[in-house]
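Reproduced below: start_39.txt, with compact mmCIF, C-alpha atoms.
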```txt
# COMPACT_ATOMS: atom_id res chain seq x y z
CA MET A 105 -5.15 -24.50 -21.87
CA ARG A 106 -3.68 -22.47 -19.08
CA ASN A 107 -5.80 -22.75 -15.91
CA ARG A 108 -4.75 -19.51 -14.24
CA GLN A 109 -4.81 -16.02 -15.72
CA PRO A 110 -1.31 -14.54 -16.05
CA VAL A 111 -0.86 -11.05 -14.59
CA VAL A 112 2.14 -8.85 -13.79
CA ALA A 113 2.86 -6.69 -10.75
CA LEU A 114 5.49 -3.97 -10.42
CA ILE A 115 6.76 -3.97 -6.83
CA GLY A 116 9.45 -2.27 -4.79
CA ALA A 117 10.00 0.08 -1.89
CA THR A 118 8.75 3.65 -1.81
CA ALA A 119 10.71 6.09 -4.02
CA VAL A 120 12.29 3.29 -6.04
CA GLY A 121 10.76 4.53 -9.31
CA LYS A 122 7.68 2.35 -9.84
CA THR A 123 5.39 5.13 -11.07
CA ALA A 124 7.65 6.48 -13.82
CA LEU A 125 8.44 3.03 -15.17
CA SER A 126 4.79 1.93 -15.00
CA ILE A 127 3.71 4.82 -17.22
CA SER A 128 6.27 3.91 -19.86
CA LEU A 129 5.35 0.22 -19.68
CA ALA A 130 1.63 0.98 -19.93
CA GLU A 131 2.20 3.06 -23.07
CA ARG A 132 4.31 0.41 -24.76
CA LEU A 133 2.24 -2.61 -23.73
CA ASP A 134 -1.22 -1.09 -24.18
CA ALA A 135 -1.83 -1.68 -20.48
CA GLU A 136 -4.00 -0.15 -17.78
CA ILE A 137 -2.68 0.31 -14.27
CA ILE A 138 -4.28 -1.10 -11.13
CA SER A 139 -3.01 0.80 -8.10
CA VAL A 140 -1.93 -1.38 -5.18
CA ASP A 141 -1.66 1.41 -2.63
CA SER A 142 -3.69 1.45 0.58
CA ARG A 143 -3.88 5.27 0.67
CA GLN A 144 -4.38 6.16 -2.98
CA VAL A 145 -7.85 4.66 -2.76
CA TYR A 146 -8.89 7.77 -0.80
CA ARG A 147 -10.13 10.98 -2.39
CA TYR A 148 -8.59 14.38 -1.51
CA MET A 149 -5.29 12.76 -0.46
CA ASP A 150 -3.25 13.50 -3.54
CA VAL A 151 0.11 15.14 -2.78
CA GLY A 152 0.93 13.04 0.27
CA THR A 153 0.17 9.77 -1.52
CA ASP A 154 2.10 10.78 -4.65
CA LYS A 155 -0.82 10.12 -7.02
CA VAL A 156 -0.32 10.57 -10.72
CA SER A 157 -2.11 13.62 -12.11
CA ALA A 158 -5.70 13.54 -13.31
CA SER A 159 -4.55 14.51 -16.81
CA LEU A 160 -2.19 11.53 -16.95
CA ARG A 161 -4.96 9.26 -15.72
CA ARG A 162 -7.05 10.38 -18.66
CA GLU A 163 -4.28 9.27 -21.01
CA ILE A 164 -3.53 6.00 -19.20
CA PRO A 165 -6.45 4.56 -17.21
CA HIS A 166 -5.68 3.93 -13.54
CA HIS A 167 -7.95 1.81 -11.37
CA LEU A 168 -8.57 1.81 -7.58
CA ILE A 169 -7.62 5.46 -7.13
CA ASP A 170 -10.09 7.92 -5.54
CA ILE A 171 -12.78 5.36 -4.77
CA ALA A 172 -13.46 6.12 -1.07
CA ASP A 173 -13.59 9.13 1.24
CA PRO A 174 -11.03 9.34 4.08
CA ASP A 175 -13.71 8.61 6.69
CA GLU A 176 -14.91 5.46 4.91
CA LYS A 177 -13.89 1.96 5.86
CA PHE A 178 -12.00 0.33 3.01
CA THR A 179 -10.77 -3.20 3.76
CA VAL A 180 -8.32 -5.56 2.17
CA SER A 181 -11.36 -7.58 1.13
CA ASP A 182 -12.73 -4.53 -0.65
CA PHE A 183 -9.44 -4.13 -2.48
CA ALA A 184 -9.23 -7.75 -3.58
CA GLU A 185 -12.79 -7.78 -4.93
CA ARG A 186 -12.43 -4.46 -6.76
CA ALA A 187 -9.04 -5.41 -8.20
CA ALA A 188 -10.33 -8.76 -9.50
CA GLN A 189 -13.26 -6.96 -11.13
CA ALA A 190 -10.87 -4.48 -12.74
CA VAL A 191 -8.83 -7.33 -14.23
CA THR A 192 -12.00 -8.79 -15.75
CA ARG A 193 -13.01 -5.48 -17.33
CA ILE A 194 -9.53 -4.64 -18.62
CA SER A 195 -9.03 -8.10 -20.09
CA ALA A 196 -12.44 -8.01 -21.77
CA ARG A 197 -11.26 -4.94 -23.67
CA LYS A 198 -8.16 -6.84 -24.84
CA ARG A 199 -5.85 -4.70 -22.75
CA ILE A 200 -3.24 -5.73 -20.19
CA PRO A 201 -3.80 -5.23 -16.44
CA LEU A 202 -0.59 -4.00 -14.78
CA PHE A 203 -0.52 -3.94 -10.97
CA VAL A 204 1.67 -1.21 -9.49
CA GLY A 205 2.20 -0.32 -5.85
CA GLY A 206 3.85 -1.00 -2.54
CA THR A 207 1.19 -2.40 -0.19
CA PRO A 208 2.22 -6.01 0.51
CA PHE A 209 -0.93 -7.17 2.30
CA TYR A 210 -3.04 -6.14 -0.69
CA TYR A 211 -0.90 -8.35 -2.93
CA ASN A 212 -1.18 -11.22 -0.46
CA ALA A 213 -4.97 -11.02 -0.43
CA LEU A 214 -5.28 -11.04 -4.20
CA PHE A 215 -2.51 -13.37 -5.33
CA HIS A 216 -1.74 -15.70 -2.44
CA ALA A 217 -5.19 -16.70 -1.20
CA SER A 218 -4.78 -14.83 2.07
CA LEU A 219 -7.87 -14.51 4.20
CA ASN A 220 -9.76 -11.48 2.97
CA ALA A 221 -13.17 -11.97 4.53
CA ASP A 222 -14.43 -9.12 6.66
CA LEU A 223 -13.75 -9.65 10.35
CA PRO A 224 -15.81 -8.04 13.14
CA SER A 225 -15.07 -4.49 14.22
CA ASP A 226 -16.17 -2.27 17.08
CA SER A 227 -15.28 1.42 17.29
CA ASP A 228 -15.48 1.38 21.10
CA VAL A 229 -12.96 -1.45 21.39
CA ARG A 230 -10.71 0.19 18.82
CA GLY A 231 -10.98 3.52 20.62
CA LYS A 232 -9.96 1.90 23.90
CA TYR A 233 -6.68 0.69 22.43
CA GLU A 234 -6.03 3.94 20.57
CA ALA A 235 -6.46 5.82 23.85
CA LEU A 236 -4.09 3.38 25.54
CA ALA A 237 -1.46 4.01 22.87
CA ASN A 238 -1.86 7.77 23.22
CA SER A 239 -1.61 7.73 27.01
CA GLN A 240 0.98 5.01 27.60
CA GLY A 241 2.78 4.62 24.30
CA ALA A 242 2.92 2.34 21.28
CA GLU A 243 5.40 -0.04 22.91
CA LEU A 244 2.96 -0.99 25.68
CA LEU A 245 0.26 -1.65 23.09
CA HIS A 246 2.64 -3.88 21.15
CA MET A 247 3.56 -5.77 24.33
CA ARG A 248 -0.13 -6.37 24.99
CA LEU A 249 -0.48 -7.92 21.53
CA ALA A 250 2.63 -10.07 22.08
CA GLU A 251 0.95 -11.59 25.12
CA VAL A 252 -2.10 -12.81 23.18
CA ASP A 253 -0.66 -13.27 19.68
CA PRO A 254 3.15 -13.42 19.50
CA ASP A 255 3.07 -14.36 15.81
CA THR A 256 1.20 -11.23 14.77
CA ALA A 257 3.23 -9.08 17.15
CA GLY A 258 6.42 -10.41 15.60
CA ARG A 259 5.17 -9.42 12.14
CA LEU A 260 4.13 -5.88 13.08
CA HIS A 261 6.41 -2.99 14.02
CA LYS A 262 5.70 -1.58 17.47
CA ASN A 263 4.98 1.85 15.95
CA ASP A 264 2.38 0.48 13.55
CA ILE A 265 -0.39 1.51 15.93
CA GLN A 266 -3.16 1.09 13.37
CA ARG A 267 -2.51 -2.60 12.69
CA VAL A 268 -1.55 -3.45 16.28
CA THR A 269 -4.83 -1.88 17.40
CA ARG A 270 -6.76 -3.79 14.74
CA ALA A 271 -5.19 -7.10 15.83
CA LEU A 272 -6.15 -6.46 19.46
CA GLU A 273 -9.64 -5.44 18.38
CA ILE A 274 -10.07 -8.75 16.49
CA TYR A 275 -8.78 -10.68 19.52
CA ASP A 276 -11.22 -8.94 21.89
CA LEU A 277 -14.19 -9.52 19.60
CA THR A 278 -13.47 -13.13 18.62
CA GLY A 279 -11.43 -14.49 21.52
CA LYS A 280 -8.95 -15.84 18.98
CA ALA A 281 -5.49 -14.71 17.97
CA PRO A 282 -5.63 -13.04 14.53
CA SER A 283 -2.78 -15.25 13.32
CA LYS A 284 -4.85 -18.33 14.15
CA ILE A 285 -7.91 -16.93 12.36
CA TYR A 286 -5.87 -16.18 9.27
CA SER A 287 -4.22 -19.61 9.22
CA GLU A 288 -7.50 -21.50 9.64
CA GLY A 289 -9.99 -19.23 7.90
CA GLU A 290 -11.66 -19.57 4.56
CA LYS A 291 -9.53 -18.17 1.76
CA ARG A 292 -10.47 -16.86 -1.67
CA ASP A 293 -8.37 -17.86 -4.64
CA TYR A 294 -8.90 -15.47 -7.55
CA GLY A 295 -7.09 -17.71 -10.02
CA PHE A 296 -4.23 -15.41 -11.03
CA ASP A 297 -0.71 -16.46 -12.02
CA VAL A 298 1.38 -13.46 -10.98
CA LEU A 299 4.90 -12.54 -12.00
CA TYR A 300 6.46 -9.88 -9.76
CA ILE A 301 8.79 -7.41 -11.43
CA GLY A 302 10.83 -6.08 -8.53
CA LEU A 303 12.66 -2.75 -8.65
CA SER A 304 15.57 -2.15 -6.30
CA ARG A 305 18.08 0.50 -5.32
CA THR A 306 20.63 0.71 -2.54
CA ARG A 307 19.18 1.83 0.78
CA GLU A 308 21.38 4.93 0.68
CA GLU A 309 19.94 5.92 -2.70
CA LEU A 310 16.37 5.23 -1.59
CA PHE A 311 16.82 7.36 1.51
CA GLU A 312 18.20 10.23 -0.58
CA ARG A 313 15.22 10.01 -2.95
CA ILE A 314 12.80 9.92 0.00
CA GLU A 315 14.33 13.10 1.41
CA ILE A 316 14.12 14.90 -1.93
CA ARG A 317 10.53 13.86 -2.56
CA LEU A 318 9.28 14.84 0.90
CA GLU A 319 11.11 18.17 0.80
CA GLN A 320 9.38 18.91 -2.51
CA GLU A 321 5.97 17.88 -1.16
CA TYR A 322 6.33 19.93 2.01
CA SER A 323 7.45 23.01 0.06
CA SER A 324 4.55 22.74 -2.40
CA ASP A 325 0.89 21.90 -1.76
CA PHE A 326 1.09 19.18 0.90
CA PRO A 327 0.58 21.45 3.95
CA ASP A 328 -2.38 23.12 2.22
CA GLU A 329 -3.85 19.73 1.32
CA VAL A 330 -3.84 18.69 4.97
CA LYS A 331 -5.25 22.05 6.04
CA TRP A 332 -8.14 21.53 3.59
CA LEU A 333 -8.77 18.02 4.94
CA LEU A 334 -8.91 19.33 8.51
CA SER A 335 -11.28 22.14 7.52
CA HIS A 336 -13.67 19.56 6.08
CA GLY A 337 -13.70 17.33 9.15
CA TYR A 338 -11.14 14.78 8.03
CA ASP A 339 -8.56 14.33 10.78
CA ASP A 340 -6.56 11.65 12.58
CA ARG A 341 -9.69 10.04 13.99
CA PHE A 342 -9.67 8.24 10.65
CA ASN A 343 -6.99 5.70 9.77
CA PRO A 344 -5.89 7.20 6.42
CA LEU A 345 -4.95 10.45 8.17
CA LYS A 346 -2.74 8.61 10.66
CA GLY A 347 -0.37 7.64 7.87
CA LEU A 348 3.02 8.93 6.79
CA GLY A 349 3.16 12.68 6.34
CA TYR A 350 -0.46 13.37 7.16
CA LYS A 351 -0.20 12.80 10.92
CA GLU A 352 2.90 15.00 11.10
CA LEU A 353 1.22 17.84 9.20
CA ILE A 354 -1.91 17.52 11.33
CA ASP A 355 0.31 18.06 14.37
CA TYR A 356 1.89 21.04 12.62
CA HIS A 357 -1.49 22.65 11.91
CA ARG A 358 -2.46 22.09 15.54
CA GLY A 359 0.64 23.94 16.67
CA LYS A 360 2.36 20.89 18.14
CA THR A 361 5.42 21.08 15.85
CA THR A 362 7.09 23.43 13.41
CA LEU A 363 6.95 22.64 9.71
CA ASP A 364 10.63 21.69 9.73
CA GLU A 365 10.06 19.33 12.66
CA ALA A 366 7.10 17.74 10.88
CA LEU A 367 9.24 17.21 7.79
CA GLU A 368 12.05 15.57 9.76
CA ILE A 369 9.61 13.21 11.49
CA SER A 370 8.02 12.33 8.14
CA ILE A 371 11.42 11.57 6.62
CA SER A 372 12.36 9.34 9.57
CA ARG A 373 9.06 7.43 9.51
CA THR A 374 9.16 6.99 5.74
CA LYS A 375 12.70 5.60 5.88
CA ALA A 376 11.59 3.10 8.52
CA PHE A 377 8.65 2.11 6.32
CA CYS A 378 11.00 1.72 3.36
CA ARG A 379 13.14 -0.72 5.33
CA ARG A 380 10.08 -2.80 6.21
CA GLN A 381 8.94 -2.83 2.57
CA GLN A 382 12.33 -4.16 1.48
CA THR A 383 12.01 -6.98 4.00
CA TRP A 384 8.45 -7.83 2.97
CA PHE A 385 9.06 -7.84 -0.76
CA LYS A 386 12.09 -10.12 -0.51
CA LYS A 387 9.63 -12.91 0.29
CA PHE A 388 7.51 -12.42 -2.83
CA GLU A 389 7.73 -15.17 -5.45
CA PRO A 390 8.07 -15.68 -8.34
CA ALA A 391 9.96 -12.41 -8.83
CA MET A 392 12.54 -10.94 -11.18
CA TRP A 393 14.59 -8.14 -9.62
CA PHE A 394 16.18 -5.21 -11.45
CA ASP A 395 18.66 -2.69 -10.05
CA MET A 396 17.29 0.70 -11.09
CA ALA A 397 20.55 2.50 -10.29
CA LYS A 398 22.22 0.89 -13.29
CA SER A 399 19.47 1.17 -15.90
CA SER A 400 15.70 1.32 -16.38
CA HIS A 401 15.95 -2.27 -17.73
CA GLU A 402 12.84 -1.48 -19.74
CA GLU A 403 13.57 -3.79 -22.67
CA GLU A 404 14.39 -6.72 -20.36
CA ILE A 405 11.26 -6.09 -18.31
CA ILE A 406 9.01 -5.93 -21.39
CA GLU A 407 10.53 -9.18 -22.65
CA ALA A 408 9.89 -10.85 -19.28
CA ILE A 409 6.30 -9.55 -19.17
CA ASN A 410 5.50 -10.76 -22.67
CA LYS A 411 7.03 -14.15 -21.97
CA HIS A 412 4.92 -14.53 -18.84
CA LEU A 413 1.69 -13.35 -20.43
CA HIS A 414 2.00 -15.60 -23.46
CA LYS A 415 3.71 -18.71 -22.17
CA GLU A 416 1.97 -21.97 -22.91
CA ASP A 417 0.79 -24.31 -20.22
CA ASP A 418 3.08 -27.36 -20.19
CA GLN A 419 0.21 -29.65 -19.43
```

Mind turning the file's structure into C-alpha cells?
Amino acid sequence: MRNRQPVVALIGATAVGKTALSISLAERLDAEIISVDSRQVYRYMDVGTDKVSASLRREIPHHLIDIADPDEKFTVSDFAERAAQAVTRISARKRIPLFVGGTPFYYNALFHASLNADLPSDSDVRGKYEALANSQGAELLHMRLAEVDPDTAGRLHKNDIQRVTRALEIYDLTGKAPSKIYSEGEKRDYGFDVLYIGLSRTREELFERIEIRLEQEYSSDFPDEVKWLLSHGYDDRFNPLKGLGYKELIDYHRGKTTLDEALEISISRTKAFCRRQQTWFKKFEPAMWFDMAKSSHEEEIIEAINKHLHKEDDQ
C-alpha cells in the first residue's frame, strides 16, 4: 500500500493562466479546487485578488476562499491545517483535491514539512518596525534584518516590508534568528505525496498579461472595491491591504497619487513579484513544466495527473 496520499498542485507565476486551466481540469477530473493564495482567504477583496466568481464557485467547489476578514490574523499554520482538512473532506466524497495558486510559503508548509507552528507576535514591536520603514525606508529595515539574520534577509526582497518586519518581530521576541528557529523547530508532516504541474510563459509574455489584467481591473470595479474597504475601516494598518494593488489604490483614495500613477506603480510591483515567483517555483520538486505559449497541454497534464494519483507503491 502507498504510505503517502498523492495530491496535485498547479503552480506558476501570476498571470500565467492557472485559473482558466484549473477550471477545465476540475470539470474533467471531477475535482475540487483548494486555493493556495495568501490574499484570496480574505473576504471583500475580490477584484484585486482575481477571485473566480461566486457563480463559478457554486459549479466547482473552491476551498480556502473568503474564510477571514481583512483585519483578522491568518497564519501559514492556519492555512496548512485548513488545507489538510479540506483534502480529507474532498477525498471522503471520492473527489480529487486540486491545489491551485502562487503562494510558495503555503506550499512549503503543507508539502515540505516546513515549520508552521504559531510564533509569538506583538503589535507594539511590529508597529515600531513599520514606523521605521515609513520614516527611514525599506532598505534600512532590510539592513537591520541582515545584521541579525543574514539568511532570512537574503531570502526576502528589501521591499517586502511585511515579511522583513515579521522576521525582526520574531527576533525581538525570541532572541533567535528566524532562520535558526525554522531550521531547528518542530515540523508537521501531513503525509502528502505532491506532484507539481508547473505552467510557464516567457517573462515578456507574462509582463504583457500583467499589464492587460491590471488595466482591466483598474478600469472596472477595483477602485470602488478599495473605496468600500476604506469606508468600512479596512485600511493599510492590516497586512492584506498592504499588498499589490490595494496599497496603491489606498494612496490614490487618500489623494497621494493619481489613478494612472497608482496603476503604473501596481504594474511595476506586480512584475517584480512575478520575477520572484519564477525564482521560487524553479526550486519546487517533483515538477513537470509546460510552456503555455505553445499549447494548453491539457491532455498531457491530465495523463500526468492520473498517472500520479493511481501509481502503485513499488514497495

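Each of A:Ala281, A:Arg358, A:Arg341, A:Phe183 was compared to A:Gly231 using all atoms listed in the file, and A:Arg341 turns out to be the nearest.
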
For this session: Counting only C-alpha atoms, figure out which residue out of A:Gln144, A:Ser400, A:Ser304, A:Ser159 gets nearest to A:Ile171.
Result: A:Gln144

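Here atom CA of A:Ile406 is placed at a distance of 10.1 Å from atom CA of A:Ile301.
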
For this session: Figure out the distance between atom CA of A:Glu308 and atom CA of A:Ile405, please, to one decimal in Å.
Result: 24.2 Å

For this session: Kindly provide, as a list in words, the polymer residues lying within 12 Å of (-12.7, 9.8, 12.7), counting only C-alpha atoms and using the coordinates exactly as they appear in the file.
Result: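 Using only C-alpha atoms, the matching residues come out as Asp173, Pro174, Asp175, Glu176, Lys177, Ser227, Arg230, Gly231, Glu234, Leu333, Leu334, His336, Gly337, Tyr338, Asp339, Asp340, Arg341, Phe342, Asn343, Pro344, Leu345 and Lys346 of chain A.
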
Problem set entry | Long-range neighbours of A:Arg259 as a ChimeraX atom specification, 10 Å cut-off, only C-alpha atoms, 6 positions minimum in chain | /A:268,283,384

Using only C-alpha atoms, please write the residues we just selected to a file, as a PDB file, in the frame of the given file.
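The result, stored in again_13.pdb:
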```
ATOM      1  CA  VAL A 268      -1.550  -3.450  16.280  1.00  0.00           C
ATOM      2  CA  SER A 283      -2.780 -15.250  13.320  1.00  0.00           C
ATOM      3  CA  TRP A 384       8.450  -7.830   2.970  1.00  0.00           C
TER       4      TRP A 384
END
```

Problem set entry | Atomic separation - atom CA of A:Asn410 relative to atom CA of A:Phe215, Å |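 Going from atom CA of A:Phe215 over to atom CA of A:Asn410 covers 19.3 Å.
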
For this session: Have a look at A:Leu367, A:Val151, A:Val252, A:Ile265 and name the one nearest to A:Gly279; count all atoms listed in the file.
Result: A:Val252

Problem set entry | Non-local contacts of A:Ser370 (10 Å; all atoms listed in the file; under 6 positions in same chain excluded) as a ChimeraX atom specification | /A:314-315,318-319,322,347-353,364,376

For this session: Using only C-alpha atoms, give me every residue within 7 Å of (-0.4, -0.7, -17.2) in file coordinates, as a list in words.
Result: Ser126, Ile127, Leu129, Ala130, Ala135, Glu136, Ile137, Ile200, Pro201 and Leu202 of chain A

Seminar exercise, completed: One residue among A:Ile371, A:Ala237, A:Leu277, A:Leu260 is nearest to A:Phe311 when using all atoms listed in the file, and that residue is A:Ile371

For this session: Considering all atoms listed in the file, state which residue in the set A:Arg199, A:Lys375, A:Arg305, A:Lys232 is at the smallest distance from A:Arg270.
Result: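 The answer is A:Lys232, which sits nearest to A:Arg270.
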
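Residues in contact with A:His246 at up to 6 Å, not including ones fewer than 3 positions away on its chain and judged by only C-alpha atoms, are A:Glu243, A:Leu249, A:Lys262.
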
Problem set entry | Given only C-alpha atoms as the counted atoms, nearest of A:Asp255, A:Arg317, A:Ser142, A:Pro224 to A:Thr278 | A:Pro224

Exercise. Contacts of stretch 208-212 of chain A at 10 Å or less, counting all atoms listed in the file, minus same-chain residues fewer than 3 places along, as a PyMOL selection string?
Worked result: chain A and resi 113+115-116+140-142+179-184+187+203+205+215-220+298+381+384-385+388

Six-sided padding of 8 Å per side, axis-aligned box over stretch 138-155 of chain A, centre and edges in Å, one decimal, as AutoDock Vina command-line options:
```
--center_x -4.0 --center_y 6.9 --center_z -5.2 --size_x 28.2 --size_y 32.5 --size_z 27.8
```
